[in-house]
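Structure file coords.txt; described as compact mmCIF, C-alpha atoms and all ligand atoms.
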# COMPACT_ATOMS: atom_id res chain seq x y z
CA MET O 1 -33.89 -6.10 17.95
CA SER O 2 -33.14 -4.02 14.93
CA PHE O 3 -33.53 -6.66 12.29
CA GLU O 4 -37.28 -7.03 12.13
CA ASP O 5 -38.66 -7.32 8.70
CA ASP O 6 -41.37 -4.77 8.11
CA ASP O 7 -43.23 -7.25 5.98
CA MET O 8 -43.37 -9.95 8.58
CA PRO O 9 -46.91 -11.01 9.32
CA PRO O 10 -47.81 -10.16 12.91
CA ASP O 11 -48.43 -13.76 13.91
CA LEU O 12 -44.74 -14.54 13.42
CA VAL O 13 -43.61 -11.76 15.71
CA GLU O 14 -42.51 -12.95 19.09
CA ALA O 15 -45.03 -12.02 21.72
CA GLY O 16 -44.06 -9.86 24.65
CA ASN O 17 -42.23 -6.62 24.19
CA GLU O 18 -43.15 -5.85 20.61
CA VAL O 19 -44.09 -2.23 19.97
CA PRO O 20 -46.83 -1.61 17.39
CA GLU O 21 -45.35 -0.62 14.02
CA GLU O 22 -46.59 2.98 14.02
CA GLU O 23 -45.09 3.69 17.46
CA LYS O 24 -41.67 2.38 16.55
CA PRO O 25 -39.09 5.12 16.18
CA VAL O 26 -37.39 5.15 12.79
CA LYS O 27 -33.80 4.19 13.41
CA VAL O 28 -31.02 6.24 11.90
CA PRO O 29 -28.14 4.29 10.36
CA ILE O 30 -24.61 5.14 11.42
CA SER O 31 -21.55 4.30 9.35
CA ILE O 32 -18.17 4.29 11.03
CA VAL O 33 -15.29 5.51 8.88
CA THR O 34 -11.82 4.36 9.90
CA GLY O 35 -8.50 4.54 8.16
CA THR O 36 -4.83 4.78 8.65
CA SER O 37 -3.64 8.16 9.82
CA ASN O 38 -0.68 10.37 9.55
CA LEU O 39 1.53 8.83 12.20
CA GLU O 40 3.67 11.91 12.58
CA LYS O 41 0.66 14.06 13.27
CA HIS O 42 -1.21 11.70 15.53
CA GLN O 43 1.40 9.58 17.16
CA ALA O 44 4.27 11.92 17.72
CA SER O 45 5.18 10.19 20.94
CA TRP O 46 6.19 7.12 19.01
CA GLN O 47 9.18 9.01 17.66
CA ILE O 48 8.71 8.06 14.08
CA THR O 49 12.01 8.72 12.41
CA ASP O 50 10.84 7.76 8.97
CA SER O 51 9.84 11.06 7.49
CA THR O 52 8.93 9.92 4.01
CA PRO O 53 5.74 11.65 2.94
CA GLY O 54 4.11 8.24 2.67
CA TYR O 55 2.63 8.27 6.13
CA LEU O 56 -0.09 10.72 5.37
CA GLY O 57 -3.68 9.94 6.14
CA ALA O 58 -5.47 7.57 3.83
CA GLY O 59 -7.97 10.23 2.79
CA LYS O 60 -10.74 10.30 5.38
CA THR O 61 -10.92 14.08 5.49
CA THR O 62 -10.91 14.17 1.70
CA LEU O 63 -13.75 11.64 1.71
CA LEU O 64 -15.84 13.54 4.23
CA ASN O 65 -15.32 16.82 2.42
CA TYR O 66 -16.50 15.12 -0.72
CA ILE O 67 -19.65 13.97 1.04
CA LEU O 68 -20.23 17.35 2.62
CA THR O 69 -20.11 19.14 -0.70
CA ALA O 70 -21.78 16.55 -2.92
CA GLU O 71 -25.45 16.98 -3.74
CA HIS O 72 -27.17 13.87 -2.54
CA GLY O 73 -30.46 15.12 -1.16
CA LYS O 74 -29.76 13.40 2.14
CA LYS O 75 -29.42 14.95 5.53
CA ILE O 76 -26.16 13.55 6.77
CA ALA O 77 -24.55 14.28 10.09
CA VAL O 78 -20.79 13.91 9.99
CA ILE O 79 -19.09 13.54 13.32
CA MET O 80 -15.40 14.19 13.25
CA ASN O 81 -13.51 12.69 16.10
CA GLU O 82 -10.18 14.40 15.98
CA PHE O 83 -7.46 12.64 17.87
CA GLY O 84 -7.97 12.86 21.60
CA ASP O 85 -4.86 14.83 22.40
CA SER O 86 -6.88 17.63 23.88
CA LEU O 87 -9.42 17.20 26.61
CA ASP O 88 -12.16 18.80 24.60
CA ILE O 89 -15.56 17.97 25.88
CA GLU O 90 -17.18 19.02 22.67
CA LYS O 91 -16.88 17.46 19.27
CA SER O 92 -17.50 18.99 15.94
CA LEU O 93 -20.58 17.73 14.23
CA THR O 94 -21.26 18.85 10.72
CA ILE O 95 -24.73 18.46 9.38
CA ASN O 96 -25.07 18.59 5.66
CA LYS O 97 -27.97 18.77 3.34
CA ASP O 98 -27.69 19.41 -0.38
CA GLY O 99 -24.22 20.78 -0.21
CA GLU O 100 -25.05 23.12 2.64
CA SER O 101 -23.24 22.49 5.89
CA VAL O 102 -23.94 23.64 9.40
CA GLU O 103 -21.41 23.05 12.11
CA GLU O 104 -22.69 22.04 15.51
CA TRP O 105 -20.93 21.12 18.69
CA MET O 106 -21.75 18.05 20.57
CA GLU O 107 -20.83 17.37 24.14
CA VAL O 108 -19.30 13.96 24.53
CA GLY O 109 -17.70 14.11 27.94
CA ASN O 110 -14.02 13.29 28.01
CA GLY O 111 -12.40 13.73 24.69
CA CYS O 112 -12.29 10.42 22.92
CA ILE O 113 -15.61 9.59 21.37
CA CYS O 114 -15.16 5.84 21.47
CA CYS O 115 -14.81 5.98 25.26
CA SER O 116 -17.68 8.34 25.90
CA VAL O 117 -20.13 7.52 23.18
CA LYS O 118 -21.83 4.85 25.19
CA ASP O 119 -22.74 7.22 27.99
CA THR O 120 -23.27 10.49 26.27
CA GLY O 121 -22.62 10.22 22.56
CA VAL O 122 -25.83 8.52 21.61
CA ASN O 123 -27.81 10.90 23.79
CA ALA O 124 -26.03 13.85 22.27
CA ILE O 125 -26.88 12.68 18.78
CA GLU O 126 -30.47 12.08 19.77
CA SER O 127 -30.94 15.47 21.38
CA LEU O 128 -29.40 17.09 18.35
CA MET O 129 -31.90 15.29 16.19
CA GLU O 130 -34.66 16.66 18.37
CA LYS O 131 -33.36 20.15 17.77
CA LYS O 132 -32.38 19.81 14.14
CA GLY O 133 -34.76 17.19 12.88
CA LYS O 134 -33.99 13.63 12.03
CA PHE O 135 -30.85 12.82 10.07
CA ASP O 136 -31.04 10.34 7.24
CA TYR O 137 -27.56 9.09 8.00
CA ILE O 138 -24.77 9.60 10.47
CA LEU O 139 -21.12 9.20 9.55
CA LEU O 140 -18.69 8.88 12.42
CA GLU O 141 -15.11 9.62 11.47
CA THR O 142 -12.72 8.00 13.87
CA THR O 143 -9.27 9.43 13.55
CA GLY O 144 -7.14 8.01 16.30
CA LEU O 145 -9.43 5.11 16.98
CA ALA O 146 -7.21 2.12 16.40
CA ASP O 147 -9.77 -0.58 16.87
CA PRO O 148 -13.26 -0.21 15.44
CA GLY O 149 -14.18 -3.53 17.03
CA ASN O 150 -14.60 -1.72 20.33
CA LEU O 151 -17.07 0.71 18.92
CA ALA O 152 -19.16 -1.51 16.67
CA PRO O 153 -21.00 -3.40 19.41
CA LEU O 154 -22.21 -0.14 20.98
CA PHE O 155 -24.24 0.66 17.91
CA TRP O 156 -25.06 -2.84 16.89
CA MET O 157 -26.65 -4.40 19.94
CA ASP O 158 -28.54 -1.25 20.61
CA ASP O 159 -31.75 -2.44 22.21
CA GLY O 160 -30.28 -2.13 25.67
CA LEU O 161 -29.41 1.47 24.97
CA GLY O 162 -32.91 2.18 23.78
CA SER O 163 -31.18 3.91 20.95
CA THR O 164 -32.63 5.29 17.77
CA ILE O 165 -29.34 4.68 16.00
CA TYR O 166 -28.15 1.44 14.46
CA LEU O 167 -24.87 0.33 12.96
CA ASP O 168 -25.03 0.31 9.18
CA GLY O 169 -21.44 -0.78 8.67
CA ILE O 170 -17.76 0.00 8.98
CA VAL O 171 -15.85 1.64 6.16
CA THR O 172 -12.06 1.50 6.18
CA LEU O 173 -9.93 3.69 3.99
CA VAL O 174 -6.46 2.52 3.11
CA ASP O 175 -3.65 4.30 1.35
CA ALA O 176 -2.70 2.20 -1.70
CA LYS O 177 0.87 3.42 -1.58
CA ASN O 178 1.50 2.60 2.06
CA ILE O 179 -0.85 -0.09 3.19
CA LEU O 180 1.54 -2.99 2.61
CA ARG O 181 4.20 -1.21 4.59
CA SER O 182 1.74 -0.41 7.38
CA LEU O 183 0.72 -4.07 7.59
CA ASP O 184 4.33 -5.10 8.02
CA ASP O 185 5.38 -2.29 10.34
CA PRO O 186 5.91 -3.35 13.96
CA ALA O 187 5.48 0.29 15.02
CA GLY O 188 1.79 -0.01 14.17
CA LYS O 189 1.25 -2.78 16.68
CA VAL O 190 -2.11 -2.80 18.41
CA GLU O 191 -2.02 -2.86 22.18
CA GLY O 192 -4.55 -4.64 24.30
CA HIS O 193 -5.06 -7.64 22.07
CA GLU O 194 -4.15 -11.17 22.98
CA GLU O 195 -0.46 -11.74 22.32
CA GLY O 196 0.65 -14.62 20.18
CA ASP O 197 4.16 -15.92 20.46
CA GLU O 198 6.60 -13.10 20.89
CA HIS O 199 8.27 -13.68 17.57
CA GLY O 200 5.11 -14.15 15.55
CA PRO O 201 3.81 -11.61 13.11
CA VAL O 202 2.62 -8.38 14.59
CA MET O 203 -0.99 -7.33 14.42
CA THR O 204 -1.07 -3.71 13.36
CA THR O 205 -3.76 -1.08 13.52
CA ALA O 206 -4.15 -1.56 9.79
CA HIS O 207 -4.96 -5.25 10.30
CA VAL O 208 -7.63 -4.51 12.86
CA GLN O 209 -9.19 -1.79 10.75
CA ILE O 210 -9.27 -4.05 7.71
CA SER O 211 -10.56 -7.12 9.54
CA HIS O 212 -13.59 -5.29 10.95
CA ALA O 213 -14.45 -3.47 7.73
CA ASP O 214 -17.57 -4.10 5.71
CA VAL O 215 -16.33 -1.82 2.95
CA ILE O 216 -12.70 -1.08 2.13
CA VAL O 217 -11.81 1.93 0.02
CA ILE O 218 -8.33 1.66 -1.47
CA ASN O 219 -7.55 5.32 -2.01
CA LYS O 220 -4.61 7.07 -3.74
CA ALA O 221 -4.68 4.56 -6.57
CA ASP O 222 -2.87 7.18 -8.65
CA LEU O 223 0.28 6.60 -6.60
CA VAL O 224 0.71 2.93 -7.51
CA ASP O 225 0.94 0.97 -10.74
CA GLU O 226 -1.44 -1.80 -11.72
CA GLN O 227 0.74 -4.56 -10.42
CA GLU O 228 1.14 -2.98 -6.99
CA LEU O 229 -2.56 -2.28 -6.84
CA ARG O 230 -3.25 -5.94 -7.47
CA ARG O 231 -0.88 -6.93 -4.68
CA VAL O 232 -2.59 -4.52 -2.31
CA ARG O 233 -5.98 -5.84 -3.24
CA GLU O 234 -5.01 -9.48 -2.84
CA ARG O 235 -3.42 -8.87 0.52
CA ILE O 236 -6.54 -7.07 1.74
CA GLU O 237 -8.81 -9.82 0.41
CA SER O 238 -6.76 -12.44 2.17
CA ILE O 239 -7.26 -10.60 5.46
CA ASN O 240 -10.92 -9.80 4.95
CA GLY O 241 -12.67 -11.90 2.33
CA LEU O 242 -16.08 -10.43 3.16
CA ALA O 243 -15.57 -6.72 2.60
CA LYS O 244 -16.63 -4.96 -0.55
CA ILE O 245 -13.63 -3.26 -2.11
CA HIS O 246 -13.56 0.01 -4.03
CA VAL O 247 -10.52 1.66 -5.59
CA THR O 248 -10.48 5.46 -5.67
CA ASN O 249 -8.56 8.63 -6.34
CA GLN O 250 -9.18 11.56 -4.00
CA SER O 251 -11.67 9.35 -2.13
CA VAL O 252 -14.22 9.83 -4.89
CA VAL O 253 -16.37 6.75 -4.41
CA PRO O 254 -18.63 5.65 -7.28
CA GLN O 255 -21.76 6.40 -5.26
CA LEU O 256 -22.73 6.87 -1.64
CA GLU O 257 -25.36 4.14 -1.37
CA GLY O 258 -23.79 0.78 -0.79
CA VAL O 259 -20.34 2.30 -0.41
CA LEU O 260 -20.76 4.56 2.60
CA LEU O 261 -24.49 4.56 3.28
CA ASP O 262 -27.17 1.89 3.11
CA LEU O 263 -24.62 -0.81 3.77
CA HIS O 264 -26.86 -3.09 5.84
CA ALA O 265 -23.72 -4.93 6.74
CA TYR O 266 -25.22 -6.30 9.92
CA ASP O 267 -28.53 -7.45 8.55
CA ASN O 268 -27.61 -9.28 5.38
CA VAL O 269 -24.94 -11.68 4.23
CA GLU O 270 -24.74 -10.81 0.55
CA GLU O 271 -20.98 -11.02 0.42
CA LEU O 272 -20.83 -14.51 1.80
CA ASP O 273 -20.18 -16.20 -1.52
CA GLN O 274 -17.33 -13.98 -2.62
CA ALA O 275 -15.31 -15.15 0.36
CA SER O 276 -14.59 -18.59 -1.03
CA LYS O 277 -12.24 -17.44 -3.74
CA GLY O 278 -9.72 -16.72 -0.98
CA HIS O 279 -6.06 -15.81 -1.33
CA SER O 280 -5.39 -17.49 1.95
CA HIS O 281 -2.10 -17.00 3.74
CA LEU O 282 -0.98 -13.89 1.97
CA ASP O 283 -1.09 -12.33 5.40
CA ALA O 284 0.38 -14.24 8.30
CA THR O 285 -1.51 -12.29 10.94
CA ILE O 286 -5.18 -12.20 10.02
CA SER O 287 -7.07 -14.32 7.57
CA THR O 288 -10.53 -15.28 6.43
CA THR O 289 -11.78 -18.82 6.49
CA SER O 290 -14.88 -20.17 4.87
CA ILE O 291 -16.73 -23.26 6.10
CA PRO O 292 -19.36 -24.81 3.82
CA LEU O 293 -22.12 -26.50 5.81
CA GLY O 294 -24.61 -27.78 3.26
CA ILE O 295 -28.28 -28.00 4.16
CA LEU O 296 -29.07 -28.08 7.86
CA GLU O 297 -31.84 -29.53 9.99
CA ASP O 298 -33.91 -27.51 12.44
CA GLY O 299 -32.00 -28.80 15.44
CA ASP O 300 -28.69 -27.67 13.96
CA ILE O 301 -29.42 -24.03 14.73
CA ALA O 302 -29.10 -24.72 18.44
CA LYS O 303 -25.84 -26.54 17.79
CA VAL O 304 -24.39 -23.64 15.84
CA ASP O 305 -25.48 -21.34 18.65
CA GLU O 306 -23.78 -23.58 21.19
CA TRP O 307 -20.60 -23.71 19.10
CA LEU O 308 -20.49 -19.92 18.84
CA ARG O 309 -21.00 -19.49 22.58
CA SER O 310 -18.16 -21.85 23.26
CA VAL O 311 -15.76 -20.28 20.76
CA LEU O 312 -16.64 -16.61 21.26
CA TRP O 313 -17.54 -16.51 24.92
CA ASP O 314 -15.45 -19.26 26.51
CA ASN O 315 -12.52 -19.36 24.08
CA GLN O 316 -13.08 -23.09 23.78
CA LEU O 317 -13.04 -24.74 20.39
CA PRO O 318 -15.26 -27.82 20.77
CA HIS O 319 -13.62 -31.17 19.97
CA ASP O 320 -10.24 -29.48 19.71
CA GLN O 321 -7.44 -32.03 20.08
CA GLY O 322 -4.41 -29.89 19.46
CA SER O 323 -2.21 -27.98 21.84
CA HIS O 324 -1.73 -24.41 20.75
CA SER O 325 0.80 -21.77 21.54
CA SER O 326 -1.50 -19.14 20.09
CA THR O 327 -4.96 -17.93 21.05
CA LEU O 328 -7.82 -17.93 18.63
CA GLU O 329 -9.15 -14.41 18.13
CA ILE O 330 -12.26 -13.89 16.03
CA HIS O 331 -12.97 -10.36 14.82
CA ARG O 332 -15.92 -10.79 12.55
CA LEU O 333 -18.14 -13.55 11.28
CA LYS O 334 -21.09 -13.97 9.00
CA GLY O 335 -23.07 -17.04 8.21
CA ARG O 336 -26.03 -18.35 6.33
CA LEU O 337 -27.85 -21.34 7.73
CA ALA O 338 -30.05 -22.91 5.08
CA LEU O 339 -32.58 -25.37 6.47
CA ALA O 340 -34.08 -28.33 4.69
CA ASN O 341 -37.54 -26.74 4.95
CA GLY O 342 -36.36 -23.71 2.94
CA ASP O 343 -35.95 -21.34 5.89
CA ILE O 344 -32.78 -19.32 6.02
CA LYS O 345 -31.17 -17.93 9.16
CA ILE O 346 -28.43 -15.35 9.24
CA VAL O 347 -25.50 -15.32 11.64
CA GLN O 348 -23.71 -12.08 12.43
CA GLY O 349 -20.82 -11.63 14.80
CA VAL O 350 -18.35 -9.00 15.88
CA ARG O 351 -15.83 -10.00 18.50
CA GLU O 352 -17.64 -11.89 21.25
CA LEU O 353 -21.09 -10.70 20.20
CA PHE O 354 -23.17 -12.73 17.82
CA GLU O 355 -26.72 -13.16 16.76
CA ILE O 356 -28.74 -15.68 14.77
CA PHE O 357 -31.94 -14.41 13.18
CA ASP O 358 -34.34 -15.03 10.31
CA ALA O 359 -33.18 -13.84 6.92
CA PRO O 360 -35.34 -11.04 5.61
CA THR O 361 -37.64 -12.45 2.96
CA GLN O 362 -38.01 -10.78 -0.40
CA ARG O 363 -41.75 -10.80 -0.68
CA GLU O 364 -41.92 -7.98 -3.19
CA GLU O 365 -40.00 -10.08 -5.65
CA GLY O 366 -42.47 -12.90 -5.42
CA GLN O 367 -42.61 -16.34 -3.86
CA GLU O 368 -40.90 -17.99 -6.79
CA GLN O 369 -37.72 -15.96 -6.42
CA GLU O 370 -37.74 -16.59 -2.71
CA LYS O 371 -37.92 -20.31 -3.27
CA GLU O 372 -35.21 -20.26 -5.86
CA THR O 373 -32.69 -18.45 -3.65
CA SER O 374 -33.32 -20.69 -0.70
CA GLU O 375 -32.76 -23.78 -2.78
CA SER O 376 -29.68 -22.58 -4.59
CA LYS O 377 -27.84 -21.37 -1.51
CA ALA O 378 -26.37 -23.77 1.00
CA SER O 379 -25.20 -23.01 4.52
CA LYS O 380 -21.88 -21.39 5.06
CA MET O 381 -19.91 -19.73 7.82
CA VAL O 382 -17.19 -17.20 7.09
CA ILE O 383 -14.84 -16.20 9.89
CA ILE O 384 -12.24 -13.44 10.00
CA GLY O 385 -9.65 -13.54 12.73
CA ARG O 386 -6.20 -14.13 14.07
CA HIS O 387 -4.39 -17.46 14.27
CA LEU O 388 -7.21 -19.15 12.38
CA GLU O 389 -4.77 -21.47 10.63
CA ASP O 390 -3.57 -22.86 13.96
CA PHE O 391 -7.03 -24.26 14.70
CA ASP O 392 -9.31 -26.70 12.92
CA LEU O 393 -12.41 -24.53 12.94
CA LYS O 394 -14.05 -26.47 10.17
CA GLY O 395 -13.54 -29.85 11.83
CA SER O 396 -14.80 -28.46 15.12
CA LEU O 397 -17.98 -27.03 13.66
CA LEU O 398 -18.72 -30.09 11.51
CA GLN O 399 -18.20 -32.37 14.49
CA THR O 400 -20.54 -30.23 16.56
CA LEU O 401 -23.10 -30.74 13.81
CA ASN O 402 -22.38 -34.50 13.84
CA ARG O 403 -21.06 -34.38 10.32
CA ARG O 404 -17.88 -36.25 11.15
N1 LIG U 501 -2.02 11.39 -4.58
C1 LIG U 501 -3.16 11.37 -3.90
N2 LIG U 501 -3.27 12.10 -2.76
C2 LIG U 501 -4.43 12.07 -2.08
C3 LIG U 501 -5.54 11.29 -2.53
N3 LIG U 501 -6.54 11.45 -1.65
C4 LIG U 501 -6.09 12.28 -0.68
N4 LIG U 501 -4.81 12.67 -0.94
C5 LIG U 501 -3.95 13.54 -0.14
O1 LIG U 501 -3.50 12.81 0.99
C6 LIG U 501 -3.35 13.66 2.12
C7 LIG U 501 -4.13 13.11 3.32
O2 LIG U 501 -5.51 13.14 3.02
P1 LIG U 501 -6.60 13.36 4.18
O3 LIG U 501 -7.92 13.32 3.54
O4 LIG U 501 -6.24 14.54 5.00
O5 LIG U 501 -6.36 12.05 5.01
P2 LIG U 501 -6.91 11.67 6.46
O6 LIG U 501 -7.15 10.22 6.42
O7 LIG U 501 -8.02 12.53 6.86
O8 LIG U 501 -5.63 11.98 7.29
P3 LIG U 501 -5.48 12.27 8.85
O9 LIG U 501 -6.18 13.55 9.13
O10 LIG U 501 -4.01 12.37 9.01
O11 LIG U 501 -6.07 11.10 9.56
C8 LIG U 501 -3.84 15.02 1.68
O12 LIG U 501 -2.73 15.78 1.34
C9 LIG U 501 -4.69 14.72 0.45
O13 LIG U 501 -4.71 15.79 -0.47
C10 LIG U 501 -5.39 10.54 -3.75
O14 LIG U 501 -6.28 9.82 -4.22
N5 LIG U 501 -4.18 10.61 -4.37
ZN ZN U 502 -11.51 5.88 23.27
What is this file in structure tokens?
Amino acid sequence: MSFEDDDMPPDLVEAGNEVPEEEKPVKVPISIVTGTSNLEKHQASWQITDSTPGYLGAGKTTLLNYILTAEHGKKIAVIMNEFGDSLDIEKSLTINKDGESVEEWMEVGNGCICCSVKDTGVNAIESLMEKKGKFDYILLETTGLADPGNLAPLFWMDDGLGSTIYLDGIVTLVDAKNILRSLDDPAGKVEGHEEGDEHGPVMTTAHVQISHADVIVINKADLVDEQELRRVRERIESINGLAKIHVTNQSVVPQLEGVLLDLHAYDNVEELDQASKGHSHLDATISTTSIPLGILEDGDIAKVDEWLRSVLWDNQLPHDQGSHSSTLEIHRLKGRLALANGDIKIVQGVRELFEIFDAPTQREEGQEQEKETSESKASKMVIIGRHLEDFDLKGSLLQTLNRR
């Protein structure tokens, strides 16, 4: 597992397959950058007749160029996955250090990196690191990848792959001028997801990219006025109440750490408390719901685990009485389970994958601080998904915990 706390005393480490600290490979964080694209360029076959200049890319290339030329002292590998319209078996990989870039080519098999990364992509990155030395960070740009939810689990649950790479987080760029239109545009419909009723709201690529994001960069702020920017922001927050939001011009983010790098989006739940402010129902397709759970008992962890298995694996909402014409679809979830004895567990989920693990303790900051945070923070589960309002998630979870 990739969430071990370095400071954990050895007697708390589960016996069995634990590798001694000094033999453990240092894992390299990978951030996935998604964003809406120029439909005319990438999706010509859809016969877009709307030729307004609005449908340009959100600014991913601008962002990556900014990173590649900025002086940050980090060795960052940027992998550009240009749209898979050619059957290239090599992908451009740009390695940058201190404003100096070297272009490398990486064999990934059959064109689209999201399809081939599992087999060859990780190996390719690893062998490149052997040749070029370890990277500090990897940024994977995913033009043409509609659904980052397919890619995230490959890098997240990485123990099976024996990988030296772990998912740091997903960054989604949106175009301030066009995002509202993209969210309402049936032409952007995502294929391969569970269909709701035929006449229901369409789930677009923009929805899926926003719902999976840990960080959302609203770019091209210069093209909208304050009022429109607020509407964009509120709509995005109603879809994904967990993501950190930054507003930029020319993709110039305030800093790299915490915005693109060092996100730790899968090993902490810092953003959990921002989610309650909620502008629910601004978007009819995807929303965020927040379930307060108070202080839990030891035995409740197993119940939460059971509930998640049922909902995520079996598509069964426990104690559900209603009949539904829609299917519950959960994209992302985060939770904090605060136990009466002061222990805190973290829940992380993407699609059908989830994990419950001990919260990293903050020993450096002293026992007092640790105690204070555990007492002041109650349990909470935040869920992002489709058709959430058709189901009583809160009632189901509380009943599973015998709270009702
Ligand atoms: N007005 C304005 N234009 C911007 C801004 N950022 C980028 N652009 C322009 O928007 C266009 C698209 O930017 P790119 O960085 O190529 O976007 P992309 O997401 O890589 O686009 P694709 O390659 O189509 O996926 C370019 O012409 C940029 O110069 C901004 O903040 N404001
Ligand atoms: Zn693919």
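We find atom CA of Asp300 of chain O and atom CA of Arg336 of chain O to be spaced 12.3 Å apart.
Distances here use all atoms listed in the file; by that measure, the residue among O:Glu297, O:Glu355, O:Glu329, O:Asp225 closest to Asp267 of chain O is O:Glu355.
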Would you kindly return, as a ChimeraX atom specification, each protein, DNA or RNA residue with an atom no farther than 10 Å from any atom of segment 268-277 of chain O, considering all atoms listed in the file and excluding same-chain residues fewer than 6 positions away?
-> /O:3,214,237-238,240-244,288-292,333-336,346-348,359-360,377,379-383
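Among the candidates O:His387, O:His207, O:Lys134, O:Arg332, the one nearest to Val350 of chain O when counting all atoms listed in the file is O:Arg332.
When all atoms listed in the file are used to compute distances to Arg181 of chain O, the closest of the residues O:Leu64, O:Arg230, O:Ala152, O:Arg235 turns out to be O:Arg235.
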Residue nearest ligand ZN 502 (chain U) - candidates O:Ala378, O:Ile239, O:Gly169, O:Asn150, atoms counted: all atoms listed in the file = O:Asn150
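Remark: for Ile245 of chain O, the closest of the candidate residues O:Leu223, O:Leu353, O:Ile210, O:Ala302 is O:Ile210 (distances computed over only C-alpha atoms).
Counting from atom CA of Pro201 of chain O, the distance to atom CA of Gly322 of chain O is 21.0 Å.
With only C-alpha atoms and all ligand atoms as the atoms that count, the residue of O:Asp147, O:Glu352, O:Asp343, O:Asp390 with the shortest distance to ligand ZN 502 (chain U) is O:Asp147.
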